[in-house]
Amino acid sequence: MAVYALAFIAFSFDLAKRSAAVSQAQGEALRTTRREAMRSSGVSGGTATLTRISARIVNDASMPYGRSPSLRVGVSLTVLAWLIHLVADVLRGLAAGRVPWANMYEFAMTGTLLIVTVFLIVLTRADLRFLGTFVTGMVLVLLGIAALRFYVEVAPLPPALQSAWLVIHVFVASLGTGFFALGFALSAVQLLQFRREAAAVGAAGSPPAGSVPAGSVPAGSVPAGSVPAGAPTPAWKNPLRFLATLPSAATLENLAYRVNIIGFILWTFTLMAGSIWAEKAWGRYWGWDTKEVWTFIIWTIYAGYIHARATRGWRGSRSAWLAIVGFSAVMFNFGIVNVFFKGLHSYSGL
């Protein structure tokens, strides 16, 4: 956990640097605009700078962000923490003589390990390092809760869990949760980015570039001490300035949709494998057990999310909220249903 905490600090430091870079760039742009206005030079249309965040996904951030040493440190520490985490999980399994996900503590250990695994794998396809603060922060919270509230000694498996389906069913569910977690993070950032973009459009009350003839505004007509339009916003008034260095809301939405589709496929297999295992263990495929019901509710929410976005045109904030509701149901299923609801799936070990 200590290494994850260091990675969290490194990623947080990068977000602070992004905010500072935005302020500096805004100040430079304002000074450039003033110089051009004083020269009474012609105004030409601006061009958008596009840089790639990976070989396949374009970073259409309004303010591209360059290389950051703190990002490299954060990723390196995350990889190191993942290796230590993996060793701890394997040792727990060796001590138990079985797979290490038979109770809440072990499931939390393996689940958080897979969340970080999904994050690191996706980093090889797209530059989502800006989500490092969320990923490492969530892993720290979940591991802390598991260590303080869910820890139990190694114990043998109950008879119903002594099956090969334990390996398949729970592992796939944990892997699907990892993709849902990443999709949730992207959707949350998408909402923040959508608000920023909407505010920027609403604040653009001045005429478009080139619509006012050069020299039509006499020099000195702006009162001294006034704040010109486009002046950098103080940090304490806008703590989310780093959003300007992140991909647009539309790009974040597309990324979240792709990640959630993978998670949905894995969750569908989880539901099917659970039914097969239930038939072998209890003689029926479906019994309306609390855990079964919530697994189906989660599947229904994400099915609705995919269907609404693909066929009903639910784009923007509505699709993001559906994804957030879906992951909230996943967390409720893990932290509340497993602990407080009694049923055939009460294997928390608490």
# chains A, B, ... in the order shown; residues from 1 in each chain; ligands from 1

$ closest_atom_pairs --of "stretch 308-341 of chain A" --to "stretch 164-179 of chain A" --cutoff "10 Å" --atoms "only C-alpha atoms" --output "CSV"
residue,atom,partner,partner_atom,distance
A:Phe327,CA,A:Thr177,CA,8.2
A:Val330,CA,A:Thr177,CA,7.4
A:Met331,CA,A:Thr177,CA,9.1

$ residues_around --residues "A:Thr110" --least-positions-apart "3" --cutoff "7 Å" --atoms "only C-alpha atoms" --output "MDAnalysis selection string"
chainID A and resid 89 101 106:107 113:114

$ write_last_selection --atoms "C-alpha atoms" --output "JSON list (two decimals), in the first residue's frame"
[["chain", "number", "residue", "atom", "x", "y", "z"],
["A", 89, "ASP", "CA", -1.75, -12.44, -3.75],
["A", 101, "TRP", "CA", -10.51, -15.34, -3.83],
["A", 106, "GLU", "CA", -9.10, -12.28, -0.73],
["A", 107, "PHE", "CA", -11.59, -11.04, -3.31],
["A", 113, "LEU", "CA", -4.90, -6.39, -8.42],
["A", 114, "LEU", "CA", -6.96, -6.92, -11.58]]

$ closest_residue --among "A:Trp82, A:Phe242, A:Trp282, A:Tyr151" --to "A:Arg18" --atoms "only C-alpha atoms"
A:Phe242

$ residues_around --residues "A:Ala96" --least-positions-apart "5" --cutoff "8 Å" --atoms "only C-alpha atoms" --output "mmCIF file with C-alpha atoms, in the first residue's frame"
data_model
loop_
_atom_site.group_PDB
_atom_site.id
_atom_site.type_symbol
_atom_site.label_atom_id
_atom_site.label_comp_id
_atom_site.auth_asym_id
_atom_site.auth_seq_id
_atom_site.Cartn_x
_atom_site.Cartn_y
_atom_site.Cartn_z
ATOM 1 C CA VAL A 154 -6.699 -18.632 5.870
ATOM 2 C CA ALA A 155 -9.520 -21.183 6.011
ATOM 3 C CA PRO A 156 -10.592 -24.196 3.940
#

$ atom_distance --atom1 "atom CA of A:Arg129" --atom2 "atom CA of A:Arg72"
9.0 Å

$ closest_residue --among "A:Thr251, A:Thr245, A:Thr124, A:Ser12" --to "A:Gln190" --atoms "only C-alpha atoms"
A:Thr251
